[in-house]
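> Just dropping this structure here.
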Amino acid sequence: MGGALSSCSPGISAFLEDRQFSTAAVLGLTSSSSNQALVLRVEKSTTEASLGAVLGGFRVGDTLALDHLRVPDGFEPLGARFREGTRSRWPETYRFQVSRRSWRVNVRSESGTVQSCVLQCAVLPQERTLANAELDFVDAGDAVAYASRFNSHQQQQAEGETAPTVKVAVPAVCSVVESCFPAMIPQGTACTLTPFPDVDVQKFVFDGTEDFLELPQTFFHYAAFSSNGKHFVCDLQGTQTDSGDIILIDPVILRAAAPSVNGVVNAAAGAAMGGTGPQAVMGPTGARFDELHPKCAQLCHSFDAGRKTAKRNVGLCGMGGACGLSG
């Protein structure tokens, strides 16, 4: 083990020695491991408690030591959004188009606490920027806001009983301070670190082919409804706890673009020619809502009895849907 540690950079060795960490515990040196380690600095995070959030407790400026990187078979769904056959259905933006790698890691803080997290960074080196990583943080924050309101609504409907909740695991935006494998993850790489308790990730709402699970499907409907059809919280994936709660990781927000003059004119021209316009294809639409949420659960009727969500964004620009924002 001493030899393996010496193969790391002096900065990591000093970090471990200064804090009297166990080399074996931090590096996780086993015959099946990658025998690698990272040290990260937290660049952006939140410690604000919420009914809809799972937090890692990381603070800006914290230094974190990561053990060996593992890729459980159960993490395969995390990459499904970025496959060639899927990306064409989504907007041409970083959150929908840029593939990323995901690893299971144990994270040790300066205080000595250890927790399991998911480390993610873009596959392409040029996409590993703090600005891009912060987009993950923003989407998680928006999803947390919807989950918090949804959980409050759930509790009101439960009439004194304990209702299952939907929570979003909130990533911390980090930069790599030291790396045992600079060819793959060099110093300065921007990444995210998300608290997540499981080694298996399940798709709940993705492309309409997944098994219908009531709680995440109801949450998808609720978020679309409460945003007046302007936001769809998509690619709902994560795990279900023994108590029935849903913990989501890396959800993505599909947003309706604010209509521009050119967009309205082009969409109107396309509609006149029998087309649907680019926003109808890529943004939140009635057709996409029906595809992702093919039927309502019982709780859906408590906030959208007539399933009107899919049509609520019609006429946003005053053109009766010609702007492409209607279904």
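Letters for chains follow the order of the structure tokens (A, B, ...), residue numbers begin at 1 for each chain, and ligand numbers begin at 1 in the order shown.
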Could you pull out the residues in stretch 122-219 of chain A that DSSP calls helix (DSSP H, G or I) from the backbone, as a PyMOL selection string?

chain A and resi 125-127+130-158+214-219

> Sort by chain and increasing residue number a table of all residues of stretch 183-212 of chain A within 10 Å of stretch 233-237 of chain A, each with its closest pair of atoms and their distance in Å to one decimal, counting only C-alpha atoms, and write it as a Markdown table.


| residue | atom | partner | partner_atom | distance |
| --- | --- | --- | --- | --- |
| A:Val201 | CA | A:Gln237 | CA | 6.4 |
| A:Gln202 | CA | A:Gln237 | CA | 5.4 |
| A:Lys203 | CA | A:Gln237 | CA | 4.4 |
| A:Phe204 | CA | A:Leu236 | CA | 5.3 |
| A:Val205 | CA | A:Leu236 | CA | 4.9 |
| A:Phe206 | CA | A:Asp235 | CA | 4.6 |
| A:Asp207 | CA | A:Asp235 | CA | 8.0 |

> Would you mind telling me which residue in A:Leu292, A:Ile246, A:Ala256, A:Ala37 lies nearest to A:Pro197 when using only C-alpha atoms?

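When distances to A:Pro197 are compared using only C-alpha atoms, the smallest one comes from A:Ile246.
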
> Please provide as JSON, numbers by chain all residues within 8 Å of stretch 294-299 of chain A, with the sequence filter that same-chain residues fewer than 5 positions apart are discarded (counting only C-alpha atoms).

{"A": [208, 214, 217, 218, 289, 307]}

> Can you write out the residues you just picked, keeping C-alpha atoms, as a PDB file, in the first residue's frame?


ATOM      1  CA  GLY A 208     -42.259   6.646 -21.912  1.00  0.00           C
ATOM      2  CA  GLU A 214     -47.003   6.362  -9.339  1.00  0.00           C
ATOM      3  CA  GLN A 217     -44.979  10.088 -12.466  1.00  0.00           C
ATOM      4  CA  THR A 218     -47.166  12.252 -10.233  1.00  0.00           C
ATOM      5  CA  PHE A 289     -46.113  15.484 -21.902  1.00  0.00           C
ATOM      6  CA  ARG A 307     -55.319  16.830 -17.135  1.00  0.00           C
TER       7      ARG A 307
END

> So, with only C-alpha atoms as the atoms that count, which of A:Val105, A:Glu84, A:Arg95, A:Leu119 lies closest to A:Asn132?

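Using only C-alpha atoms, the shortest distance to A:Asn132 belongs to A:Arg95.
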
> Would you kindly return, as an MDAnalysis selection string, each protein, DNA or RNA residue with an atom no farther than 9 Å from any atom of A:Gly141, considering only C-alpha atoms and excluding same-chain residues fewer than 3 positions away?

chainID A and resid 53 136:138 144:146 168 170

> Where in stretch 131-281 of chain A does DSSP assign strand (DSSP E or B), given as number ranges by chain?

A: 166-169, 172-179, 190-195, 202-205, 231-234, 236-240, 246-248, 252-255

> Restricted to C-alpha atoms, what would the selected residues look like written as a PDB file, in the first residue's frame?


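Writing done, so here's part21.pdb:
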ATOM      1  CA  VAL A 166     -39.589  12.898  -3.687  1.00  0.00           C
ATOM      2  CA  LYS A 167     -36.165  14.358  -2.957  1.00  0.00           C
ATOM      3  CA  VAL A 168     -33.372  15.474  -5.242  1.00  0.00           C
ATOM      4  CA  ALA A 169     -29.739  14.724  -4.422  1.00  0.00           C
ATOM      5  CA  ALA A 172     -21.619  20.181  -5.181  1.00  0.00           C
ATOM      6  CA  VAL A 173     -19.557  21.782  -7.941  1.00  0.00           C
ATOM      7  CA  CYS A 174     -15.900  20.921  -7.402  1.00  0.00           C
ATOM      8  CA  SER A 175     -12.491  21.296  -8.985  1.00  0.00           C
ATOM      9  CA  VAL A 176      -9.699  18.727  -8.885  1.00  0.00           C
ATOM     10  CA  VAL A 177      -6.819  19.854  -6.685  1.00  0.00           C
ATOM     11  CA  GLU A 178      -4.720  16.680  -6.885  1.00  0.00           C
ATOM     12  CA  SER A 179      -5.071  13.564  -9.013  1.00  0.00           C
ATOM     13  CA  ALA A 190     -14.473  20.720 -13.011  1.00  0.00           C
ATOM     14  CA  CYS A 191     -16.814  18.005 -11.762  1.00  0.00           C
ATOM     15  CA  THR A 192     -19.817  17.407  -9.540  1.00  0.00           C
ATOM     16  CA  LEU A 193     -20.094  15.356  -6.379  1.00  0.00           C
ATOM     17  CA  THR A 194     -23.586  14.160  -5.453  1.00  0.00           C
ATOM     18  CA  PRO A 195     -24.647  12.315  -2.283  1.00  0.00           C
ATOM     19  CA  GLN A 202     -33.566   3.191 -11.940  1.00  0.00           C
ATOM     20  CA  LYS A 203     -35.266   5.198 -14.660  1.00  0.00           C
ATOM     21  CA  PHE A 204     -38.663   6.482 -13.500  1.00  0.00           C
ATOM     22  CA  VAL A 205     -39.597   9.012 -16.207  1.00  0.00           C
ATOM     23  CA  HIS A 231     -40.804  23.429 -17.223  1.00  0.00           C
ATOM     24  CA  PHE A 232     -40.698  19.646 -17.486  1.00  0.00           C
ATOM     25  CA  VAL A 233     -38.466  17.953 -14.900  1.00  0.00           C
ATOM     26  CA  CYS A 234     -37.172  15.187 -17.153  1.00  0.00           C
ATOM     27  CA  LEU A 236     -36.250  11.249 -13.476  1.00  0.00           C
ATOM     28  CA  GLN A 237     -33.881   8.570 -12.233  1.00  0.00           C
ATOM     29  CA  GLY A 238     -32.594   7.378  -8.900  1.00  0.00           C
ATOM     30  CA  THR A 239     -33.687   4.940  -6.251  1.00  0.00           C
ATOM     31  CA  GLN A 240     -36.705   4.078  -4.128  1.00  0.00           C
ATOM     32  CA  ILE A 246     -37.881   8.518  -4.182  1.00  0.00           C
ATOM     33  CA  ILE A 247     -34.362   9.972  -4.329  1.00  0.00           C
ATOM     34  CA  LEU A 248     -33.513  11.503  -7.688  1.00  0.00           C
ATOM     35  CA  VAL A 252     -32.717  17.771 -16.167  1.00  0.00           C
ATOM     36  CA  ILE A 253     -35.072  20.699 -16.700  1.00  0.00           C
ATOM     37  CA  LEU A 254     -36.629  21.022 -20.149  1.00  0.00           C
ATOM     38  CA  ARG A 255     -37.446  24.720 -20.438  1.00  0.00           C
TER      39      ARG A 255
END

> Identify, on the basis of only C-alpha atoms, every residue whose closest approach to A:Thr165 does not exceed 8 Å; exclude the query and any residue fewer than 4 positions from it along the same chain; express the result as a list in words.

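Non-adjacent residues within range: Gly52, Asn151, Gln154, Gly244, Asp245 and Ile246 of chain A.
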
> Let me make sure I understand: among A:Ala158, A:Val71, A:Ala49, A:Ala80, which one has the smallest atom-to-atom distance to A:Gln120 if we use only C-alpha atoms?

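Nearest to A:Gln120: A:Val71.
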
> For A:Phe82, which residue among A:Arg70, A:Arg100, A:Arg149, A:Lys44 is the nearest when counting only C-alpha atoms?

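Once distances to A:Phe82 are computed over only C-alpha atoms, the minimum belongs to A:Arg100.
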
> One decimal, Å: what's the distance from atom CA of A:Val114 over to atom CA of A:Ala65, could you say?

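Separation between atom CA of A:Val114 and atom CA of A:Ala65: 9.4 Å.
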
> List the spatial neighbours of A:Pro72 as a list in words - criterion: any atom at most 12 Å away, only C-alpha atoms, same-chain residues fewer than 5 positions off excluded.

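Neighbouring residues, sequence-local ones excluded: Ser32, Ser33, Pro77, Leu78, Arg101, Ser102, Trp103, Arg104, Val105, Val118, Asp198, Val199, Asp200 and Val201 of chain A.
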
> Any chance you can output those residues with N, CA, C and O atoms as a PDB file, in the first residue's frame?


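Final file, selection-v5.pdb:
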ATOM      1  N   SER A  32      -9.907  -5.334  -6.634  1.00  0.00           N
ATOM      2  CA  SER A  32     -10.864  -4.986  -7.677  1.00  0.00           C
ATOM      3  C   SER A  32     -10.957  -3.493  -7.919  1.00  0.00           C
ATOM      4  O   SER A  32     -11.717  -3.050  -8.755  1.00  0.00           O
ATOM      5  N   SER A  33     -10.183  -2.691  -7.165  1.00  0.00           N
ATOM      6  CA  SER A  33     -10.297  -1.252  -7.299  1.00  0.00           C
ATOM      7  C   SER A  33      -9.377  -0.742  -8.388  1.00  0.00           C
ATOM      8  O   SER A  33      -8.525  -1.440  -8.905  1.00  0.00           O
ATOM      9  N   PRO A  77     -27.825   3.387 -16.313  1.00  0.00           N
ATOM     10  CA  PRO A  77     -28.879   4.330 -16.720  1.00  0.00           C
ATOM     11  C   PRO A  77     -28.464   5.795 -16.700  1.00  0.00           C
ATOM     12  O   PRO A  77     -29.075   6.622 -17.384  1.00  0.00           O
ATOM     13  N   LEU A  78     -27.426   6.155 -15.936  1.00  0.00           N
ATOM     14  CA  LEU A  78     -27.009   7.553 -15.868  1.00  0.00           C
ATOM     15  C   LEU A  78     -26.526   8.084 -17.209  1.00  0.00           C
ATOM     16  O   LEU A  78     -26.557   9.294 -17.451  1.00  0.00           O
ATOM     17  N   ARG A 101     -18.997  10.922 -17.488  1.00  0.00           N
ATOM     18  CA  ARG A 101     -18.645   9.700 -16.781  1.00  0.00           C
ATOM     19  C   ARG A 101     -19.149   9.798 -15.353  1.00  0.00           C
ATOM     20  O   ARG A 101     -19.195  10.877 -14.763  1.00  0.00           O
ATOM     21  N   SER A 102     -19.511   8.641 -14.805  1.00  0.00           N
ATOM     22  CA  SER A 102     -20.041   8.588 -13.445  1.00  0.00           C
ATOM     23  C   SER A 102     -19.319   7.497 -12.666  1.00  0.00           C
ATOM     24  O   SER A 102     -19.181   6.371 -13.158  1.00  0.00           O
ATOM     25  N   TRP A 103     -18.860   7.825 -11.469  1.00  0.00           N
ATOM     26  CA  TRP A 103     -18.168   6.882 -10.610  1.00  0.00           C
ATOM     27  C   TRP A 103     -18.768   6.890  -9.218  1.00  0.00           C
ATOM     28  O   TRP A 103     -19.236   7.916  -8.726  1.00  0.00           O
ATOM     29  N   ARG A 104     -18.714   5.754  -8.564  1.00  0.00           N
ATOM     30  CA  ARG A 104     -19.073   5.626  -7.157  1.00  0.00           C
ATOM     31  C   ARG A 104     -17.819   5.868  -6.330  1.00  0.00           C
ATOM     32  O   ARG A 104     -16.774   5.248  -6.580  1.00  0.00           O
ATOM     33  N   VAL A 105     -17.894   6.778  -5.356  1.00  0.00           N
ATOM     34  CA  VAL A 105     -16.728   7.095  -4.543  1.00  0.00           C
ATOM     35  C   VAL A 105     -17.146   7.237  -3.079  1.00  0.00           C
ATOM     36  O   VAL A 105     -18.303   7.546  -2.775  1.00  0.00           O
ATOM     37  N   VAL A 118     -21.682  10.143  -5.849  1.00  0.00           N
ATOM     38  CA  VAL A 118     -21.449   9.911  -7.272  1.00  0.00           C
ATOM     39  C   VAL A 118     -20.627  11.080  -7.796  1.00  0.00           C
ATOM     40  O   VAL A 118     -21.030  12.242  -7.671  1.00  0.00           O
ATOM     41  N   ASP A 198     -27.212   4.610  -3.153  1.00  0.00           N
ATOM     42  CA  ASP A 198     -27.390   3.309  -3.791  1.00  0.00           C
ATOM     43  C   ASP A 198     -26.372   3.096  -4.900  1.00  0.00           C
ATOM     44  O   ASP A 198     -25.775   4.043  -5.413  1.00  0.00           O
ATOM     45  N   VAL A 199     -26.182   1.837  -5.284  1.00  0.00           N
ATOM     46  CA  VAL A 199     -25.307   1.504  -6.417  1.00  0.00           C
ATOM     47  C   VAL A 199     -26.121   1.153  -7.650  1.00  0.00           C
ATOM     48  O   VAL A 199     -25.561   0.809  -8.690  1.00  0.00           O
ATOM     49  N   ASP A 200     -27.436   1.227  -7.537  1.00  0.00           N
ATOM     50  CA  ASP A 200     -28.314   0.952  -8.666  1.00  0.00           C
ATOM     51  C   ASP A 200     -29.180   2.178  -8.934  1.00  0.00           C
ATOM     52  O   ASP A 200     -29.786   2.732  -8.016  1.00  0.00           O
ATOM     53  N   VAL A 201     -29.226   2.584 -10.193  1.00  0.00           N
ATOM     54  CA  VAL A 201     -30.037   3.722 -10.613  1.00  0.00           C
ATOM     55  C   VAL A 201     -31.166   3.213 -11.495  1.00  0.00           C
ATOM     56  O   VAL A 201     -30.932   2.458 -12.442  1.00  0.00           O
TER      57      VAL A 201
END

> Counting only C-alpha atoms, which residue out of A:His293, A:Val60, A:Cys121, A:Ser109 sits closest to A:Asp211?

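Result for the nearest residue to A:Asp211: A:His293.
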
> Between atom CA of A:Leu55 and atom CA of A:Thr113, what is the spacing in Å?

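Separating atom CA of A:Thr113 from atom CA of A:Leu55 is a distance of 14.1 Å.
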
> For atom CA of A:Gln155 and atom CA of A:Leu215, determine how far apart the two atoms are, in Å to one decimal place.

13.0 Å

> List as number ranges by chain the protein and nucleic acid residues near A:Gln126, meaning an atom at most 12 Å away when only C-alpha atoms are counted, but skip any in the same chain fewer than 2 places from it.

A: 94, 98, 121-124, 128-132, 188-190

> Would you please work out which residue, of A:Leu69, A:Phe150, A:Asp62, A:Gln97, is nearest to A:Phe220 when using only C-alpha atoms?

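Among the listed residues, the smallest separation from A:Phe220 belongs to A:Phe150.
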